[in-house]
file final.csv (CSV, C-alpha atoms)
chain,number,residue,atom,x,y,z
A,1,MET,CA,57.9,28.5,-23.4
A,2,ASP,CA,57.0,27.2,-20.0
A,3,LYS,CA,56.7,29.8,-17.3
A,4,TRP,CA,59.9,30.3,-15.4
A,5,LYS,CA,59.9,29.1,-11.8
A,6,MET,CA,59.5,31.9,-9.2
A,7,VAL,CA,62.1,31.8,-6.4
A,8,ARG,CA,62.6,33.7,-3.2
A,9,LEU,CA,65.6,36.0,-2.8
A,10,GLY,CA,66.4,34.2,0.5
A,11,ASP,CA,66.9,31.0,-1.5
A,12,VAL,CA,69.0,32.4,-4.3
A,13,CYS,CA,71.1,35.1,-2.5
A,14,ASN,CA,73.4,35.3,0.4
A,15,ILE,CA,72.3,38.3,2.4
A,16,LEU,CA,75.5,39.9,4.0
A,17,ASP,CA,73.9,42.4,6.2
A,18,ASN,CA,75.8,41.3,9.2
A,19,LEU,CA,79.0,42.6,7.6
A,20,ARG,CA,77.7,46.2,7.2
A,21,VAL,CA,79.2,48.9,9.4
A,22,PRO,CA,77.8,52.5,9.6
A,23,ILE,CA,80.2,55.3,10.1
A,24,THR,CA,79.1,58.8,11.1
A,25,ALA,CA,80.2,61.7,8.9
A,26,SER,CA,82.5,63.0,11.6
A,27,GLU,CA,84.4,59.7,11.8
A,28,ARG,CA,84.9,59.1,8.1
A,29,LYS,CA,88.4,59.6,6.8
A,30,PRO,CA,88.6,60.7,3.1
A,31,GLY,CA,89.9,58.0,0.7
A,32,PRO,CA,89.3,56.3,-2.7
A,33,TYR,CA,86.6,53.8,-1.6
A,34,PRO,CA,82.9,54.5,-2.1
A,35,TYR,CA,80.7,54.5,1.0
A,36,TYR,CA,77.2,53.4,0.0
A,37,GLY,CA,73.8,54.0,1.6
A,38,ALA,CA,70.2,53.3,0.6
A,39,ASN,CA,70.3,55.3,-2.7
A,40,GLY,CA,73.9,55.2,-3.8
A,41,ILE,CA,77.3,56.7,-2.9
A,42,GLN,CA,77.2,58.9,0.2
A,43,ASP,CA,80.9,59.6,0.5
A,44,TYR,CA,84.4,58.3,-0.3
A,45,ILE,CA,86.5,56.9,2.6
A,46,ASP,CA,89.9,55.3,3.3
A,47,ASP,CA,88.9,51.7,3.8
A,48,TYR,CA,86.6,49.0,2.5
A,49,ILE,CA,84.7,46.0,3.9
A,50,PHE,CA,83.4,44.4,0.6
A,51,ASP,CA,85.3,43.5,-2.6
A,52,ASP,CA,82.8,41.7,-4.7
A,53,GLU,CA,80.0,41.8,-7.3
A,54,LEU,CA,76.9,42.8,-5.3
A,55,VAL,CA,73.4,44.3,-5.4
A,56,LEU,CA,72.4,46.8,-2.7
A,57,LEU,CA,68.7,47.1,-1.9
A,58,ALA,CA,67.4,50.0,0.2
A,59,GLU,CA,66.4,49.0,3.8
A,60,ASP,CA,65.1,52.4,4.8
A,61,GLY,CA,65.3,55.9,3.2
A,62,GLY,CA,64.8,54.3,-0.2
A,63,ASN,CA,62.7,55.3,-3.2
A,64,PHE,CA,59.9,53.0,-2.2
A,65,GLY,CA,57.0,53.3,-4.6
A,66,SER,CA,58.8,55.4,-7.2
A,67,LYS,CA,58.4,54.5,-10.8
A,68,GLU,CA,61.5,56.5,-11.8
A,69,LYS,CA,64.0,55.9,-9.1
A,70,PRO,CA,65.2,52.4,-8.4
A,71,ILE,CA,65.4,50.8,-4.9
A,72,ALA,CA,68.3,48.6,-5.9
A,73,TYR,CA,71.7,49.1,-7.6
A,74,ARG,CA,74.8,47.3,-8.6
A,75,VAL,CA,78.2,47.7,-6.9
A,76,SER,CA,81.5,46.2,-8.0
A,77,GLY,CA,84.9,46.0,-6.3
A,78,LYS,CA,86.1,47.5,-3.0
A,79,CYS,CA,83.5,49.5,-1.1
A,80,TRP,CA,81.9,50.2,2.3
A,81,VAL,CA,78.1,49.8,3.0
A,82,ASN,CA,76.2,51.3,5.8
A,83,ASN,CA,73.2,49.9,7.6
A,84,HIS,CA,70.6,51.5,5.3
A,85,ALA,CA,71.1,49.1,2.4
A,86,HIS,CA,70.8,45.3,2.3
A,87,VAL,CA,73.8,43.5,0.7
A,88,LEU,CA,72.8,40.8,-1.7
A,89,LYS,CA,75.3,38.3,-3.2
A,90,PRO,CA,73.7,36.0,-5.7
A,91,LYS,CA,74.3,32.3,-5.5
A,92,ASP,CA,75.7,30.3,-8.5
A,93,MET,CA,72.3,29.9,-10.2
A,94,LEU,CA,71.7,33.7,-10.4
A,95,ASN,CA,73.4,36.4,-12.5
A,96,VAL,CA,74.2,39.5,-10.5
A,97,ASP,CA,73.1,41.9,-13.2
A,98,TYR,CA,69.8,40.0,-13.8
A,99,LEU,CA,69.2,40.1,-10.0
A,100,CYS,CA,69.6,43.9,-10.0
A,101,TYR,CA,67.3,44.5,-12.9
A,102,SER,CA,64.7,42.1,-11.4
A,103,ILE,CA,64.3,44.1,-8.2
A,104,MET,CA,65.2,47.7,-9.2
A,105,PHE,CA,61.5,48.7,-9.3
A,106,TYR,CA,60.0,45.9,-7.2
A,107,ASP,CA,56.8,46.8,-5.6
A,108,VAL,CA,57.7,46.4,-1.9
A,109,THR,CA,54.6,48.3,-0.6
A,110,PRO,CA,53.0,45.2,1.0
A,111,LEU,CA,56.4,44.3,2.6
A,112,ILE,CA,57.5,47.6,4.2
A,113,SER,CA,56.9,48.4,7.8
A,114,GLY,CA,57.2,51.6,9.9
A,115,THR,CA,55.0,54.7,10.1
A,116,THR,CA,57.3,57.7,10.1
A,117,ARG,CA,60.1,56.1,8.1
A,118,ALA,CA,59.3,53.1,5.8
A,119,LYS,CA,61.6,50.1,6.3
A,120,LEU,CA,62.1,47.0,4.3
A,121,ASN,CA,63.5,44.5,6.8
A,122,GLN,CA,65.6,41.5,6.0
A,123,ALA,CA,62.8,39.0,6.7
A,124,ALA,CA,60.7,40.8,4.0
A,125,VAL,CA,63.6,40.8,1.6
A,126,ARG,CA,64.0,37.0,1.9
A,127,LYS,CA,60.3,36.7,0.9
A,128,MET,CA,60.7,38.8,-2.3
A,129,SER,CA,60.2,36.5,-5.4
A,130,ILE,CA,61.6,36.8,-8.9
A,131,PRO,CA,61.4,34.6,-12.0
A,132,LEU,CA,64.5,32.3,-12.5
A,133,PRO,CA,65.3,31.5,-16.1
A,134,PRO,CA,68.4,29.6,-17.1
A,135,LEU,CA,71.7,31.4,-16.6
A,136,ASP,CA,72.3,32.0,-20.3
A,137,ILE,CA,68.9,33.6,-20.6
A,138,GLN,CA,69.6,35.7,-17.5
A,139,GLN,CA,72.8,37.0,-19.2
A,140,LYS,CA,71.0,37.8,-22.5
A,141,ILE,CA,68.3,39.7,-20.6
A,142,ALA,CA,70.9,41.7,-18.7
A,143,ASP,CA,72.8,42.5,-21.9
A,144,ILE,CA,69.7,43.8,-23.6
A,145,LEU,CA,68.7,45.9,-20.7
A,146,ASP,CA,72.4,47.1,-20.3
A,147,LYS,CA,72.3,48.5,-23.9
A,148,SER,CA,68.9,50.1,-23.4
A,149,ASN,CA,70.1,51.7,-20.1
A,150,ALA,CA,73.3,52.9,-21.7
A,151,THR,CA,71.3,54.8,-24.4
A,152,MET,CA,69.2,56.4,-21.7
A,153,GLU,CA,72.3,57.4,-19.8
A,154,LYS,CA,73.8,59.2,-22.8
A,155,ARG,CA,70.5,61.2,-23.2
A,156,ARG,CA,70.6,62.1,-19.5
A,157,ALA,CA,74.2,63.2,-19.8
A,158,GLN,CA,73.2,65.5,-22.7
A,159,ILE,CA,70.5,67.1,-20.5
A,160,ASP,CA,72.9,67.4,-17.6
A,161,LYS,CA,75.3,69.3,-19.8
A,162,LEU,CA,72.6,71.8,-20.7
A,163,ASP,CA,71.9,72.3,-17.0
A,164,LEU,CA,75.5,73.0,-16.4
A,165,LEU,CA,75.5,75.4,-19.3
A,166,GLU,CA,72.7,77.4,-17.7
A,167,LYS,CA,74.6,77.7,-14.4
A,168,ALA,CA,77.9,78.5,-16.2
A,169,GLN,CA,76.1,81.4,-18.0
A,170,PHE,CA,74.6,82.6,-14.7
A,171,ILE,CA,78.1,82.7,-13.0
A,172,GLU,CA,79.6,84.5,-16.0
A,173,MET,CA,76.8,87.1,-15.9
A,174,PHE,CA,76.2,87.5,-12.2
A,175,GLY,CA,78.8,85.5,-10.2
A,176,ILE,CA,78.2,82.7,-7.7
A,177,PRO,CA,75.0,83.3,-5.5
A,178,GLY,CA,76.0,85.0,-2.3
A,179,SER,CA,79.0,86.7,-3.8
A,180,ASP,CA,79.2,90.3,-5.1
A,181,ILE,CA,81.8,90.1,-7.8
A,182,LYS,CA,80.0,92.6,-10.0
A,183,SER,CA,79.8,95.1,-7.1
A,184,TRP,CA,76.0,95.5,-7.2
A,185,GLY,CA,75.8,95.3,-3.5
A,186,LEU,CA,74.3,92.5,-1.3
A,187,ARG,CA,70.7,92.6,-0.2
A,188,GLU,CA,68.3,90.2,1.4
A,189,LEU,CA,66.6,87.8,-0.9
A,190,GLY,CA,63.3,88.8,0.7
A,191,LYS,CA,63.7,92.2,-0.8
A,192,CYS,CA,64.3,90.8,-4.3
A,193,CYS,CA,61.1,88.8,-4.4
A,194,GLU,CA,57.8,88.4,-2.4
A,195,LEU,CA,58.1,85.3,-0.2
A,196,ASN,CA,55.0,83.2,0.3
A,197,PRO,CA,52.5,85.7,-1.1
A,198,ASN,CA,49.1,86.2,0.6
A,199,LYS,CA,46.3,84.5,-1.4
A,200,GLY,CA,43.9,87.0,0.1
A,201,LEU,CA,45.2,89.6,-2.2
A,202,ASP,CA,44.4,87.6,-5.4
A,203,GLU,CA,41.0,88.7,-6.6
A,204,ARG,CA,40.8,85.8,-9.0
A,205,LEU,CA,40.2,83.3,-6.2
A,206,LYS,CA,36.5,82.7,-6.3
A,207,LEU,CA,34.3,79.6,-5.9
A,208,GLY,CA,34.1,77.7,-9.2
A,209,LEU,CA,37.6,78.7,-10.4
A,210,LYS,CA,39.6,75.9,-11.9
A,211,ILE,CA,43.2,75.8,-10.8
A,212,SER,CA,46.3,73.6,-11.3
A,213,PHE,CA,47.1,71.4,-8.3
A,214,ILE,CA,50.8,70.6,-7.8
A,215,PRO,CA,51.8,67.9,-5.3
A,216,MET,CA,55.4,67.5,-4.5
A,217,SER,CA,55.6,64.5,-6.9
A,218,ALA,CA,54.7,66.8,-9.8
A,219,VAL,CA,57.9,68.8,-9.4
A,220,SER,CA,61.2,67.3,-10.5
A,221,GLU,CA,64.8,67.8,-9.3
A,222,LYS,CA,65.6,69.4,-12.7
A,223,GLY,CA,63.1,72.2,-12.7
A,224,ALA,CA,60.3,70.4,-14.5
A,225,ILE,CA,56.7,70.8,-13.4
A,226,ASP,CA,53.5,68.9,-14.3
A,227,PRO,CA,50.5,71.2,-14.1
A,228,SER,CA,48.0,68.6,-15.6
A,229,GLN,CA,46.1,67.9,-12.3
A,230,ILE,CA,43.1,70.3,-12.2
A,231,LYS,CA,40.9,71.0,-9.2
A,232,ASP,CA,38.2,73.5,-8.1
A,233,TYR,CA,39.4,76.3,-5.9
A,234,GLU,CA,37.0,75.3,-3.2
A,235,GLU,CA,38.7,71.9,-2.9
A,236,VAL,CA,42.1,73.4,-2.1
A,237,LYS,CA,41.5,76.9,-0.6
A,238,THR,CA,42.5,75.7,2.8
A,239,GLY,CA,45.4,73.4,3.8
A,240,PHE,CA,47.5,73.9,0.6
A,241,THR,CA,50.1,76.4,-0.6
A,242,TYR,CA,48.9,79.1,-3.0
A,243,PHE,CA,51.0,80.4,-6.0
A,244,ALA,CA,50.6,81.9,-9.4
A,245,GLU,CA,52.1,81.8,-12.9
A,246,ASN,CA,55.8,82.5,-12.9
A,247,ASP,CA,56.2,82.1,-9.1
A,248,VAL,CA,59.2,79.9,-8.1
A,249,LEU,CA,58.5,76.8,-6.0
A,250,PHE,CA,61.2,75.7,-3.6
A,251,ALA,CA,60.8,72.4,-1.7
A,252,LYS,CA,61.6,73.2,1.9
A,253,ILE,CA,61.5,69.7,3.5
A,254,THR,CA,64.3,67.1,3.7
A,255,PRO,CA,65.2,65.2,1.5
A,256,CYS,CA,63.3,67.0,-1.3
A,257,MET,CA,65.2,70.2,-0.7
A,258,GLU,CA,68.7,68.6,-0.7
A,259,ASN,CA,67.8,66.7,-3.8
A,260,GLY,CA,67.0,69.9,-5.7
A,261,LYS,CA,63.2,69.9,-6.1
A,262,GLY,CA,61.9,73.2,-7.3
A,263,ALA,CA,60.5,74.8,-10.5
A,264,ILE,CA,59.0,77.9,-12.1
A,265,ALA,CA,55.2,77.5,-12.0
A,266,ARG,CA,54.3,77.6,-15.6
A,267,ASP,CA,51.2,76.7,-17.8
A,268,LEU,CA,48.9,76.9,-14.7
A,269,VAL,CA,45.1,76.7,-15.4
A,270,ASN,CA,43.9,80.3,-15.1
A,271,ASN,CA,47.4,81.2,-14.1
A,272,VAL,CA,46.7,80.0,-10.5
A,273,GLY,CA,48.0,77.0,-8.6
A,274,PHE,CA,47.8,75.3,-5.2
A,275,GLY,CA,50.0,72.5,-4.0
A,276,SER,CA,52.0,70.9,-1.3
A,277,THR,CA,52.4,72.7,2.0
A,278,GLU,CA,56.1,71.8,1.8
A,279,PHE,CA,56.8,74.4,-0.8
A,280,HIS,CA,58.1,77.9,-0.2
A,281,VAL,CA,56.9,80.3,-2.9
A,282,LEU,CA,59.2,83.1,-4.2
A,283,ARG,CA,57.3,85.6,-6.4
A,284,PRO,CA,59.3,87.9,-8.7
A,285,ILE,CA,58.8,91.6,-8.2
A,286,HIS,CA,58.0,93.6,-11.4
A,287,LYS,CA,61.1,95.4,-12.8
A,288,VAL,CA,63.2,94.0,-9.9
A,289,SER,CA,63.5,90.3,-10.4
A,290,SER,CA,63.0,87.5,-13.0
A,291,PRO,CA,61.6,84.0,-12.2
A,292,TYR,CA,64.5,82.5,-14.2
A,293,TRP,CA,67.1,84.4,-12.1
A,294,ILE,CA,65.3,83.5,-8.9
A,295,TYR,CA,64.9,79.8,-9.8
A,296,THR,CA,68.6,79.4,-10.9
A,297,VAL,CA,69.8,81.0,-7.6
A,298,THR,CA,67.8,78.5,-5.6
A,299,SER,CA,68.9,75.5,-7.8
A,300,PHE,CA,72.6,76.0,-7.1
A,301,LYS,CA,74.0,73.2,-5.0
A,302,SER,CA,75.9,75.7,-2.9
A,303,PHE,CA,72.6,77.6,-2.1
A,304,ARG,CA,70.9,74.3,-1.0
A,305,LEU,CA,73.9,73.2,1.1
A,306,LYS,CA,73.7,76.5,3.1
A,307,ALA,CA,70.0,76.0,3.4
A,308,ALA,CA,70.4,72.5,4.7
A,309,ALA,CA,72.8,73.7,7.3
A,310,ASN,CA,70.1,76.1,8.5
A,311,MET,CA,67.2,73.7,8.6
A,312,SER,CA,65.0,73.5,11.7
A,313,GLY,CA,63.0,70.6,13.1
A,314,SER,CA,63.5,67.0,14.1
A,315,ALA,CA,65.2,64.2,12.1
A,316,GLY,CA,63.2,63.3,9.0
A,317,GLN,CA,61.0,66.4,9.3
A,318,ARG,CA,63.6,69.2,8.9
A,319,ARG,CA,62.6,72.2,6.9
A,320,VAL,CA,64.1,75.4,5.5
A,321,THR,CA,62.5,78.3,7.3
A,322,ALA,CA,61.0,81.3,5.5
A,323,SER,CA,63.2,83.6,7.7
A,324,TYR,CA,66.3,81.9,6.3
A,325,LEU,CA,65.3,82.5,2.7
A,326,ASN,CA,64.2,86.0,3.5
A,327,SER,CA,67.6,86.9,5.1
A,328,PHE,CA,69.8,85.2,2.5
A,329,LYS,CA,72.2,87.8,1.1
A,330,ILE,CA,72.3,88.0,-2.7
A,331,SER,CA,73.7,90.4,-5.3
A,332,LEU,CA,70.8,91.7,-7.3
A,333,PRO,CA,71.6,92.3,-11.0
A,334,PRO,CA,69.9,94.9,-13.2
A,335,ILE,CA,66.6,93.6,-14.5
A,336,ASP,CA,67.8,94.1,-18.1
A,337,LEU,CA,70.6,91.6,-17.5
A,338,GLN,CA,68.2,89.2,-15.8
A,339,ASN,CA,65.9,89.3,-18.8
A,340,GLN,CA,68.9,88.6,-21.1
A,341,PHE,CA,69.7,85.6,-18.9
A,342,ALA,CA,66.0,84.5,-19.1
A,343,SER,CA,66.1,84.6,-23.0
A,344,PHE,CA,69.3,82.4,-22.9
A,345,VAL,CA,67.6,79.9,-20.5
A,346,GLN,CA,64.5,79.7,-22.7
A,347,GLN,CA,66.6,78.8,-25.7
A,348,VAL,CA,68.4,76.1,-23.7
A,349,GLU,CA,65.1,74.9,-22.3
A,350,ALA,CA,63.8,74.3,-25.8
A,351,GLN,CA,66.8,72.0,-26.5
A,352,LYS,CA,66.2,70.3,-23.2
A,353,SER,CA,62.6,69.7,-24.0
A,354,PHE,CA,63.5,68.0,-27.2
A,355,LEU,CA,66.0,65.7,-25.5
A,356,GLN,CA,63.6,65.0,-22.6
A,357,ALA,CA,60.9,63.9,-25.0
A,358,SER,CA,63.4,61.5,-26.6
A,359,LEU,CA,64.4,60.3,-23.1
A,360,ASP,CA,60.8,59.7,-22.2
A,361,LYS,CA,60.3,57.5,-25.2
A,362,LEU,CA,63.5,55.6,-24.3
A,363,GLU,CA,62.3,55.1,-20.8
A,364,LEU,CA,58.9,53.7,-21.9
A,365,ASN,CA,60.7,51.3,-24.2
A,366,HIS,CA,63.1,50.3,-21.4
A,367,LYS,CA,60.1,49.6,-19.1
A,368,SER,CA,58.4,47.6,-21.8
A,369,LEU,CA,61.6,45.5,-22.3
A,370,MET,CA,61.9,44.8,-18.6
A,371,GLN,CA,58.2,43.7,-18.4
A,372,LYS,CA,58.6,41.4,-21.4
A,373,ALA,CA,61.9,40.1,-20.1
A,374,PHE,CA,60.5,39.0,-16.7
A,375,ARG,CA,57.4,37.6,-18.3
A,376,GLY,CA,59.6,35.4,-20.5
A,377,GLU,CA,58.6,37.0,-23.8
A,378,LEU,CA,62.0,38.0,-25.1
A,379,PHE,CA,63.4,34.5,-25.5
call {"tool": "encode", "arguments": {"input": "final.csv", "output": "structure tokens"}}
result
Amino acid sequence: MDKWKMVRLGDVCNILDNLRVPITASERKPGPYPYYGANGIQDYIDDYIFDDELVLLAEDGGNFGSKEKPIAYRVSGKCWVNNHAHVLKPKDMLNVDYLCYSIMFYDVTPLISGTTRAKLNQAAVRKMSIPLPPLDIQQKIADILDKSNATMEKRRAQIDKLDLLEKAQFIEMFGIPGSDIKSWGLRELGKCCELNPNKGLDERLKLGLKISFIPMSAVSEKGAIDPSQIKDYEEVKTGFTYFAENDVLFAKITPCMENGKGAIARDLVNNVGFGSTEFHVLRPIHKVSSPYWIYTVTSFKSFRLKAAANMSGSAGQRRVTASYLNSFKISLPPIDLQNQFASFVQQVEAQKSFLQASLDKLELNHKSLMQKAFRGELF
């Protein structure tokens, strides 16, 4: 098969950015139409400006450089788009689904501009190039990738249901964080755990000690953590956040905090870790609190919404303060009940690990399919 011709997006798409209209949150009126931004639906409003089959590509605030989160997505029908996403309508020679798949994980690193906030401007979008097979081949590629994607979505839905099961069990046992339905009394979170513990009290920290290093990218929005990166203590003893096995990590900076980044620090080398300065650390107190109870409290959307409303700092650099976490009022259950909850979570986590391993294999297969598709190796 001859290699497919490479074409620029500016030649095969109409870019409808001039039709976009941003609306501030205070000016939006609730309704049935999705209001889209860089990474998906931001709200639902009472009017629309597009009614078409389109691909939206992040302009700023996108997942640039991510291998897991796409920078482009499909929209269909009536919707509104703000000024943080480019609006692409393919011309007759280009299938809309094929277009979306071809740029979902496009490496735009050489094309983006801006220092504090990366931006993919329209001139750069027009220069992005993709292979252009015949329309019937484009449709076949899109169909194959659709089926692969649907299988992954089913697996993700199963994992999400288990996440909901954990929170449902928490509410049944303890009530919603911040409430006192069980009449245990409200106390400050800072009295239920040790916030940002002092590394100077950890006698294990000596030159030559191997530790786990956890950058922000090693913590997921679902409580997973990758402790595989190992460093010497002397490399990280200054300029990084200290924590230990079973401490809870809480991402304090926007948008990581709002997106749910956080985890229990587990499987650390020598039970010690250092990582991003954008983590708050919540250490359980013996016979007072469990890491599973603390982590689940901090993972609730309601908890993070309240935290977001109390952030400090300038736009793009807003953070949850330690004082906010310290003063958050929470009902502290008896440690025996917390341990029962921990046992329940561990059983659910075992199921999630099995499903996640399956999802990882599906994602690898999907990426392989995409690479083969755009190299012209499937047909």
call {"tool": "residues_around", "arguments": {"input": "final.csv", "residues": "Leu378 (chain A)", "least_positions_apart": "4", "cutoff": "10 Å", "atoms": "only C-alpha atoms", "output": "number ranges by chain"}}
result
A: 137, 140-141, 144, 369-374
call {"tool": "write_last_selection", "arguments": {"input": "final.csv", "atoms": "C-alpha atoms", "output": "JSON list (two decimals), keeping the file's coordinate frame"}}
result
[["chain", "number", "residue", "atom", "x", "y", "z"],
["A", 137, "ILE", "CA", 68.90, 33.60, -20.60],
["A", 140, "LYS", "CA", 71.00, 37.80, -22.50],
["A", 141, "ILE", "CA", 68.30, 39.70, -20.60],
["A", 144, "ILE", "CA", 69.70, 43.80, -23.60],
["A", 369, "LEU", "CA", 61.60, 45.50, -22.30],
["A", 370, "MET", "CA", 61.90, 44.80, -18.60],
["A", 371, "GLN", "CA", 58.20, 43.70, -18.40],
["A", 372, "LYS", "CA", 58.60, 41.40, -21.40],
["A", 373, "ALA", "CA", 61.90, 40.10, -20.10],
["A", 374, "PHE", "CA", 60.50, 39.00, -16.70]]
call {"tool": "closest_residue", "arguments": {"input": "final.csv", "among": "A:Arg155, A:Lys199, A:Arg8, A:Lys237", "to": "Ala357 (chain A)", "atoms": "all atoms listed in the file"}}
result
A:Arg155
call {"tool": "residues_near_point", "arguments": {"input": "final.csv", "point": "(65.7, 62.3, 5.7)", "cutoff": "12 Å", "atoms": "all atoms listed in the file", "output": "PDB file with C-alpha atoms, in the coordinates of the input"}}
result
ATOM      1  CA  ALA A  38      70.200  53.300   0.600  1.00  0.00           C
ATOM      2  CA  ASN A  39      70.300  55.300  -2.700  1.00  0.00           C
ATOM      3  CA  ASP A  60      65.100  52.400   4.800  1.00  0.00           C
ATOM      4  CA  GLY A  61      65.300  55.900   3.200  1.00  0.00           C
ATOM      5  CA  GLY A  62      64.800  54.300  -0.200  1.00  0.00           C
ATOM      6  CA  ASN A  63      62.700  55.300  -3.200  1.00  0.00           C
ATOM      7  CA  HIS A  84      70.600  51.500   5.300  1.00  0.00           C
ATOM      8  CA  THR A 116      57.300  57.700  10.100  1.00  0.00           C
ATOM      9  CA  ARG A 117      60.100  56.100   8.100  1.00  0.00           C
ATOM     10  CA  ALA A 118      59.300  53.100   5.800  1.00  0.00           C
ATOM     11  CA  ILE A 253      61.500  69.700   3.500  1.00  0.00           C
ATOM     12  CA  THR A 254      64.300  67.100   3.700  1.00  0.00           C
ATOM     13  CA  PRO A 255      65.200  65.200   1.500  1.00  0.00           C
ATOM     14  CA  CYS A 256      63.300  67.000  -1.300  1.00  0.00           C
ATOM     15  CA  MET A 257      65.200  70.200  -0.700  1.00  0.00           C
ATOM     16  CA  GLU A 258      68.700  68.600  -0.700  1.00  0.00           C
ATOM     17  CA  ASN A 259      67.800  66.700  -3.800  1.00  0.00           C
ATOM     18  CA  ALA A 308      70.400  72.500   4.700  1.00  0.00           C
ATOM     19  CA  MET A 311      67.200  73.700   8.600  1.00  0.00           C
ATOM     20  CA  GLY A 313      63.000  70.600  13.100  1.00  0.00           C
ATOM     21  CA  SER A 314      63.500  67.000  14.100  1.00  0.00           C
ATOM     22  CA  ALA A 315      65.200  64.200  12.100  1.00  0.00           C
ATOM     23  CA  GLY A 316      63.200  63.300   9.000  1.00  0.00           C
ATOM     24  CA  GLN A 317      61.000  66.400   9.300  1.00  0.00           C
ATOM     25  CA  ARG A 318      63.600  69.200   8.900  1.00  0.00           C
ATOM     26  CA  ARG A 319      62.600  72.200   6.900  1.00  0.00           C
TER      27      ARG A 319
END
call {"tool": "closest_residue", "arguments": {"input": "final.csv", "among": "A:Ala58, A:Leu88, A:Ala342, A:Val75", "to": "Ile15 (chain A)", "atoms": "all atoms listed in the file"}}
result
A:Leu88
call {"tool": "atom_distance", "arguments": {"input": "final.csv", "atom1": "CA of Val96 (chain A)", "atom2": "CA of Ala142 (chain A)"}}
result
9.1 Å
call {"tool": "closest_residue", "arguments": {"input": "final.csv", "among": "A:Met216, A:Met93, A:Leu164, A:Leu99", "to": "Leu54 (chain A)", "atoms": "only C-alpha atoms"}}
result
A:Leu99
call {"tool": "atom_distance", "arguments": {"input": "final.csv", "atom1": "CA of Pro131 (chain A)", "atom2": "CA of Leu359 (chain A)"}}
result
28.2 Å
call {"tool": "closest_residue", "arguments": {"input": "final.csv", "among": "A:Tyr33, A:Phe243, A:Tyr292, A:Trp4", "to": "Phe344 (chain A)", "atoms": "all atoms listed in the file"}}
result
A:Tyr292
call {"tool": "atom_distance", "arguments": {"input": "final.csv", "atom1": "CA of Pro291 (chain A)", "atom2": "CA of Ala157 (chain A)"}}
result
25.5 Å
call {"tool": "closest_residue", "arguments": {"input": "final.csv", "among": "A:Leu162, A:Leu364, A:Ile230, A:Ala322", "to": "Ala350 (chain A)", "atoms": "all atoms listed in the file"}}
result
A:Leu162
call {"tool": "residues_near_point", "arguments": {"input": "final.csv", "point": "(46.0, 79.9, 2.6)", "cutoff": "10 Å", "atoms": "all atoms listed in the file", "output": "VMD selection string"}}
result
chain A and resid 196 to 200 236 to 243 274 277
call {"tool": "write_last_selection", "arguments": {"input": "final.csv", "atoms": "C-alpha atoms", "output": "mmCIF file, keeping the file's coordinate frame"}}
result
data_model
loop_
_atom_site.group_PDB
_atom_site.id
_atom_site.type_symbol
_atom_site.label_atom_id
_atom_site.label_comp_id
_atom_site.auth_asym_id
_atom_site.auth_seq_id
_atom_site.Cartn_x
_atom_site.Cartn_y
_atom_site.Cartn_z
ATOM 1 C CA ASN A 196 55.000 83.200 0.300
ATOM 2 C CA PRO A 197 52.500 85.700 -1.100
ATOM 3 C CA ASN A 198 49.100 86.200 0.600
ATOM 4 C CA LYS A 199 46.300 84.500 -1.400
ATOM 5 C CA GLY A 200 43.900 87.000 0.100
ATOM 6 C CA VAL A 236 42.100 73.400 -2.100
ATOM 7 C CA LYS A 237 41.500 76.900 -0.600
ATOM 8 C CA THR A 238 42.500 75.700 2.800
ATOM 9 C CA GLY A 239 45.400 73.400 3.800
ATOM 10 C CA PHE A 240 47.500 73.900 0.600
ATOM 11 C CA THR A 241 50.100 76.400 -0.600
ATOM 12 C CA TYR A 242 48.900 79.100 -3.000
ATOM 13 C CA PHE A 243 51.000 80.400 -6.000
ATOM 14 C CA PHE A 274 47.800 75.300 -5.200
ATOM 15 C CA THR A 277 52.400 72.700 2.000
#
call {"tool": "closest_residue", "arguments": {"input": "final.csv", "among": "A:Arg375, A:Lys69, A:Lys352, A:Lys147", "to": "Lys161 (chain A)", "atoms": "all atoms listed in the file"}}
result
A:Lys352
call {"tool": "residues_around", "arguments": {"input": "final.csv", "residues": "Lys5 (chain A)", "least_positions_apart": "6", "cutoff": "10 Å", "atoms": "only C-alpha atoms", "output": "PyMOL selection string"}}
result
chain A and resi 129-133
call {"tool": "residues_around", "arguments": {"input": "final.csv", "residues": "Thr151 (chain A)", "least_positions_apart": "5", "cutoff": "12 Å", "atoms": "only C-alpha atoms", "output": "JSON, numbers by chain"}}
result
{"A": [144, 145, 146, 156, 157, 158, 358, 359, 360, 361, 362, 363, 365, 366]}
call {"tool": "residues_around", "arguments": {"input": "final.csv", "residues": "Ala263 (chain A)", "least_positions_apart": "2", "cutoff": "6 Å", "atoms": "all atoms listed in the file", "output": "short mmCIF file (atom, residue, chain, number, x, y, z; two decimals) with C-alpha atoms, in the frame of the given file"}}
result
data_model
loop_
_atom_site.label_atom_id
_atom_site.label_comp_id
_atom_site.auth_asym_id
_atom_site.auth_seq_id
_atom_site.Cartn_x
_atom_site.Cartn_y
_atom_site.Cartn_z
CA GLY A 223 63.10 72.20 -12.70
CA ALA A 224 60.30 70.40 -14.50
CA VAL A 248 59.20 79.90 -8.10
CA LEU A 249 58.50 76.80 -6.00
#
call {"tool": "residues_around", "arguments": {"input": "final.csv", "residues": "region 176-188 of chain A", "least_positions_apart": "2", "cutoff": "12 Å", "atoms": "only C-alpha atoms", "output": "ChimeraX atom specification"}}
result
/A:167-174,190-195,293-304,306,323-334
call {"tool": "axis_aligned_box", "arguments": {"input": "final.csv", "around": "region 328-342 of chain A", "padding_each_side": "5 Å", "output": "JSON"}}
result
{"center_x": 69.8, "center_y": 89.7, "center_z": -9.3, "size_x": 17.8, "size_y": 20.4, "size_z": 33.6}
